[in-house]
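First up is the structure itself, then whatever we jot down about it.
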Amino acid sequence: MGFRGPGVSHQTVLMEWTRAKDWLIGAAGMVIVLGLAVAIAWWVVSSPASGVAAAPAPSPTAGAEPTAAAEPPAGLRGDEVWLADLALDAGTVAIAGSLLQDVRAVGQGVVTGPGGMVAERLAVDATVPFDVVAGELGDGTVVRAADGGQVLVVRTVQVLGRELDVNATGTVRVDAGRLVVEPRSIDLGGPGFLSDALGAAVRRLVTIEHSIDGLPEGLVLQDVAVQGDGFRARLSGEDVKLVP
């Protein structure tokens with residue numbers, strides 16, 4: 001391109017060089033744009049190399065904001081203390097034969113005095129471990145999470161003098177303040193007609209009805225979901241007496 005042959009004017013060579021230069025600039029610009037697009041796409045779909053996971057979704061109690069502008073009750077006595085908010089985080093809480101893990105409690109309008117401690121409103125998120133629930137059904141029972149947010153109960157039961165290995169799958173719900181799992185499908189490990197015939201007989205033996213004992217009066221189970229390590233329970237109540 002730098003060699004000018006016979007019959008090629010200086011102006012023609014200059015025009016060719018200008019076109020080549022413009023083409024190179026355009027190509028370089030395209031490469032830069034593509035590079036930026038790839039970098040942005042990679043940033044969006046990838047996570048940091050350090051392996052830091054995204055923050056988990058807030059639990060129901062995490063949304064309770066401090067009520068700094070709240071006013072104490074008019075009837076507050078001299079021997080009482082009023083707290084607009086009171087939060088508690090505990091890895092494990094044992095109460096009256098029950099065991100809770102990863103506990104998060106938020107109380108609002110808490111009054112403490114000679115008569116005890118009472119929360120105007122109290123919300124609690126806690127995990128009921130699978131082992132605690134399985135122990136109520138009998139030794140050797142296994143309770144674990146199943147696909148689709150369901151629960152799998154594995155237990156050996158006796159029917160008509162024979163032992164049967166039962167795999168029951170069901171969904172969890174709240175019934176009258178209790179954690180309930182009623183099987184929707186039962187597998188006895190044999191032909192389908194056998195499971196259908198004996199399903200009704202073993203259903204009650206693999207049905208979970210768990211009450212969280214030892215809770216303060218007024219605190220009631222409202223919702224429950226299945227997670228990897230147990231049942232995540234949400235409890236709430238009003239005028240809950242925390243300390244007698």
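Each chain in the structure tokens gets a letter, A, B and so on, in the order shown; residues start at 1 in every chain, and ligands are counted from 1 in the order they appear.
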
Problem set entry | Contacts of range 210-226 of chain A within 7 Å, only C-alpha atoms, excl. fewer than 5 positions in-chain, as a PyMOL selection string | chain A and resi 95-98+133+145+149-150+172-174+177-180+231-242

Exercise. Excluding same-chain residues fewer than 5 positions from Asp165 in chain A, what lies within 12 Å of it counting only C-alpha atoms, as a list in words?
Worked result: Gly140, Thr141, Val142, Val153, Val154, Arg155, Thr156, Val157, Gln158, Val159, Ile186, Asp187, Leu188, Gly189, Gly190, Ser195, Val202, Leu205 and Val206 of chain A

Store the residues picked out above, limited to N, CA and C atoms, as a PDB file, in the first residue's frame.
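Below is the file that was written, out-v7.pdb:
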```pdb
ATOM      1  N   GLY A 140     -35.405 -45.255  64.870  1.00  0.00           N
ATOM      2  CA  GLY A 140     -35.136 -45.698  63.516  1.00  0.00           C
ATOM      3  C   GLY A 140     -35.876 -44.920  62.448  1.00  0.00           C
ATOM      4  N   THR A 141     -36.794 -44.041  62.828  1.00  0.00           N
ATOM      5  CA  THR A 141     -37.522 -43.232  61.851  1.00  0.00           C
ATOM      6  C   THR A 141     -36.621 -42.130  61.299  1.00  0.00           C
ATOM      7  N   VAL A 142     -36.716 -41.907  60.018  1.00  0.00           N
ATOM      8  CA  VAL A 142     -35.948 -40.850  59.361  1.00  0.00           C
ATOM      9  C   VAL A 142     -36.923 -39.873  58.719  1.00  0.00           C
ATOM     10  N   VAL A 153     -40.879 -39.426  54.968  1.00  0.00           N
ATOM     11  CA  VAL A 153     -40.819 -40.153  56.233  1.00  0.00           C
ATOM     12  C   VAL A 153     -40.499 -41.608  55.926  1.00  0.00           C
ATOM     13  N   VAL A 154     -39.402 -42.110  56.488  1.00  0.00           N
ATOM     14  CA  VAL A 154     -38.984 -43.498  56.297  1.00  0.00           C
ATOM     15  C   VAL A 154     -39.072 -44.202  57.653  1.00  0.00           C
ATOM     16  N   ARG A 155     -39.868 -45.265  57.700  1.00  0.00           N
ATOM     17  CA  ARG A 155     -40.094 -45.931  58.980  1.00  0.00           C
ATOM     18  C   ARG A 155     -40.423 -47.398  58.763  1.00  0.00           C
ATOM     19  N   THR A 156     -40.015 -48.231  59.709  1.00  0.00           N
ATOM     20  CA  THR A 156     -40.385 -49.646  59.711  1.00  0.00           C
ATOM     21  C   THR A 156     -41.570 -49.825  60.648  1.00  0.00           C
ATOM     22  N   VAL A 157     -42.668 -50.376  60.116  1.00  0.00           N
ATOM     23  CA  VAL A 157     -43.881 -50.546  60.911  1.00  0.00           C
ATOM     24  C   VAL A 157     -44.304 -52.011  60.902  1.00  0.00           C
ATOM     25  N   GLN A 158     -45.169 -52.372  61.853  1.00  0.00           N
ATOM     26  CA  GLN A 158     -45.705 -53.726  61.931  1.00  0.00           C
ATOM     27  C   GLN A 158     -47.172 -53.712  61.499  1.00  0.00           C
ATOM     28  N   VAL A 159     -47.477 -54.552  60.528  1.00  0.00           N
ATOM     29  CA  VAL A 159     -48.838 -54.704  60.044  1.00  0.00           C
ATOM     30  C   VAL A 159     -49.137 -56.197  59.926  1.00  0.00           C
ATOM     31  N   ILE A 186     -47.646 -43.351  49.553  1.00  0.00           N
ATOM     32  CA  ILE A 186     -47.010 -44.335  50.433  1.00  0.00           C
ATOM     33  C   ILE A 186     -46.450 -45.463  49.584  1.00  0.00           C
ATOM     34  N   ASP A 187     -45.174 -45.778  49.783  1.00  0.00           N
ATOM     35  CA  ASP A 187     -44.504 -46.840  49.038  1.00  0.00           C
ATOM     36  C   ASP A 187     -44.021 -47.888  50.033  1.00  0.00           C
ATOM     37  N   LEU A 188     -44.480 -49.124  49.841  1.00  0.00           N
ATOM     38  CA  LEU A 188     -44.078 -50.230  50.719  1.00  0.00           C
ATOM     39  C   LEU A 188     -42.990 -51.088  50.093  1.00  0.00           C
ATOM     40  N   GLY A 189     -42.505 -50.675  48.942  1.00  0.00           N
ATOM     41  CA  GLY A 189     -41.418 -51.413  48.310  1.00  0.00           C
ATOM     42  C   GLY A 189     -41.857 -52.626  47.524  1.00  0.00           C
ATOM     43  N   GLY A 190     -43.154 -52.848  47.377  1.00  0.00           N
ATOM     44  CA  GLY A 190     -43.668 -53.992  46.630  1.00  0.00           C
ATOM     45  C   GLY A 190     -44.547 -53.546  45.500  1.00  0.00           C
ATOM     46  N   SER A 195     -49.320 -51.481  48.110  1.00  0.00           N
ATOM     47  CA  SER A 195     -49.272 -50.168  48.758  1.00  0.00           C
ATOM     48  C   SER A 195     -50.663 -49.571  48.858  1.00  0.00           C
ATOM     49  N   VAL A 202     -51.304 -48.082  57.319  1.00  0.00           N
ATOM     50  CA  VAL A 202     -50.034 -47.549  57.809  1.00  0.00           C
ATOM     51  C   VAL A 202     -50.000 -46.020  57.797  1.00  0.00           C
ATOM     52  N   LEU A 205     -49.423 -44.242  60.987  1.00  0.00           N
ATOM     53  CA  LEU A 205     -48.127 -44.531  61.591  1.00  0.00           C
ATOM     54  C   LEU A 205     -47.010 -43.663  61.025  1.00  0.00           C
ATOM     55  N   VAL A 206     -47.277 -43.018  59.892  1.00  0.00           N
ATOM     56  CA  VAL A 206     -46.271 -42.144  59.292  1.00  0.00           C
ATOM     57  C   VAL A 206     -46.795 -40.711  59.153  1.00  0.00           C
TER      58      VAL A 206
END
```

Exercise. With distances taken over only C-alpha atoms, which of A:Leu198, A:Gly75, A:Val103, A:Thr207 is nearest to Ala87 in chain A?
Worked result: A:Val103

Exercise. Where does DSSP see strand (DSSP E or B) in range 55-237 of chain A, if you list the residues as an MDAnalysis selection string?
Worked result: chainID A and resid 81:95 98:113 116:129 142:145 151:159 162:175 178:187 208:210 220:227 230:237

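Interatomic distance, CA of Val106 in chain A against CA of Asp85 in chain A: 7.2 Å.
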
Problem set entry | Point-to-point distance in Å for CA of Glu209 in chain A and CA of Thr127 in chain A | 15.9 Å

Exercise. Separation of CA of Gly228 in chain A and CA of Ala94 in chain A, in Å?
Worked result: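 If I compute the distance from CA of Gly228 in chain A to CA of Ala94 in chain A, I get 20.5 Å.
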
Please list as a short mmCIF file (atom, residue, chain, number, x, y, z; two decimals) with N, CA and C atoms, in the first residue's frame every residue within 10 Å of Arg203 in chain A, counting only C-alpha atoms and excluding residues in the same chain fewer than 5 positions away.
```cif
data_model
loop_
_atom_site.label_atom_id
_atom_site.label_comp_id
_atom_site.auth_asym_id
_atom_site.auth_seq_id
_atom_site.Cartn_x
_atom_site.Cartn_y
_atom_site.Cartn_z
N VAL A 166 -41.61 -48.53 55.17
CA VAL A 166 -42.54 -47.58 54.56
C VAL A 166 -41.79 -46.31 54.18
N ALA A 168 -43.03 -42.68 53.00
CA ALA A 168 -44.22 -41.85 52.83
C ALA A 168 -43.80 -40.42 52.53
N GLU A 182 -49.18 -34.96 56.54
CA GLU A 182 -50.03 -36.11 56.23
C GLU A 182 -49.61 -36.67 54.88
N PRO A 183 -49.28 -37.98 54.82
CA PRO A 183 -48.77 -38.57 53.58
C PRO A 183 -49.75 -38.45 52.42
N ARG A 184 -49.19 -38.13 51.26
CA ARG A 184 -49.97 -38.12 50.03
C ARG A 184 -49.67 -39.36 49.19
N SER A 185 -48.50 -39.92 49.36
CA SER A 185 -48.14 -41.15 48.67
C SER A 185 -47.38 -42.05 49.63
N ILE A 186 -47.65 -43.35 49.55
CA ILE A 186 -47.01 -44.33 50.43
C ILE A 186 -46.45 -45.46 49.58
N LEU A 198 -52.66 -51.57 51.69
CA LEU A 198 -52.22 -51.39 53.07
C LEU A 198 -51.95 -49.92 53.42
#
```

Problem set entry | Which residue of A:Gly78, A:Gly135, A:Pro114, A:Pro129 approaches Leu100 in chain A most closely, using only C-alpha atoms | A:Pro129

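Taking only C-alpha atoms into account, Ala119 in chain A lies nearest to A:Val81 out of the set A:Val81, A:Leu137, A:Val132, A:Leu152.
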